[in-house]
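Undergrad: Dropping a structure here in structure tokens format, bear with me for questions.
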Amino acid sequence: VLAQPAHRAAPDAHVCAHLVARMLTKISIEEMIEISSRPCLLPKLRFGKHEGIPLAEVPKDYLRWILSQEFDEDVKYTAKHYLAI
């Protein structure tokens with residue numbers, strides 16, 4: 001009941017507080033800060049001819065092309081990650 005209606009400030013803050021409290025039972029605040037300080041590893045491409053495809057399935061030449069373009073830090077971080085494996 002306290003989490004309703006969704007997408008309103010008070011209910012969303014209530015849910016967020018409970019999520020953070022639950023995460024703190026698993027990892028420390030320092031670990032949360034460290035995790036949130038680095039770029040995100042994206043699961044799928046959100047653009048181009050390989051849009052919607054899991055990054056693990058994107059051809060390596062396309063990942064190299066991504067690195068030569070002006071994409072955001074998360075996209076480039078993800079391309080580097082999948083090129084390394």
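Chain labels follow the order of the structure tokens: the first chain is A, the next B, and so on; residue numbering restarts at 1 in every chain, and ligands are counted from 1 in their shown order.
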List the neighbours of range 44-54 of chain A out to 10 Å using only C-alpha atoms; skip same-chain residues closer than 4 positions along the sequence, and give me the result as a list in words.
TA: Val58, Pro59, Tyr62, Val75, Thr78 and Ala79 of chain A
Undergrad: Please run DSSP on the backbone and report, as an NGL selection string, all residues within chain A that come out as helix (DSSP H, G or I).
TA: :A and (9-23 or 29-36 or 55-57 or 60-67 or 73-84)
Undergrad: I want to know what sits within 10 Å of His14 in chain A, based on only C-alpha atoms, with residues of the same chain fewer than 3 positions away left out; could you give that as a ChimeraX atom specification?
TA: /A:2-4,9-11,17-19
Undergrad: Could those residues be written to a file, using C-alpha atoms, as a CSV table (one decimal), in the first residue's frame?
TA:
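Saved to selection_26.csv:
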chain,number,residue,atom,x,y,z
A,2,LEU,CA,2.9,2.4,0.8
A,3,ALA,CA,4.3,1.8,-2.7
A,4,GLN,CA,1.1,2.9,-4.5
A,9,ALA,CA,7.6,10.7,-5.5
A,10,ALA,CA,6.6,9.3,-2.1
A,11,PRO,CA,5.9,5.7,-3.2
A,17,ALA,CA,14.8,3.0,0.4
A,18,HIS,CA,13.8,-0.6,0.8
A,19,LEU,CA,15.9,-1.7,-2.2
Undergrad: At what distance in Å, to one decimal, does CA of Leu55 in chain A lie from CA of Lys76 in chain A?
TA: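 For CA of Lys76 in chain A relative to CA of Leu55 in chain A, the distance reads 11.6 Å.
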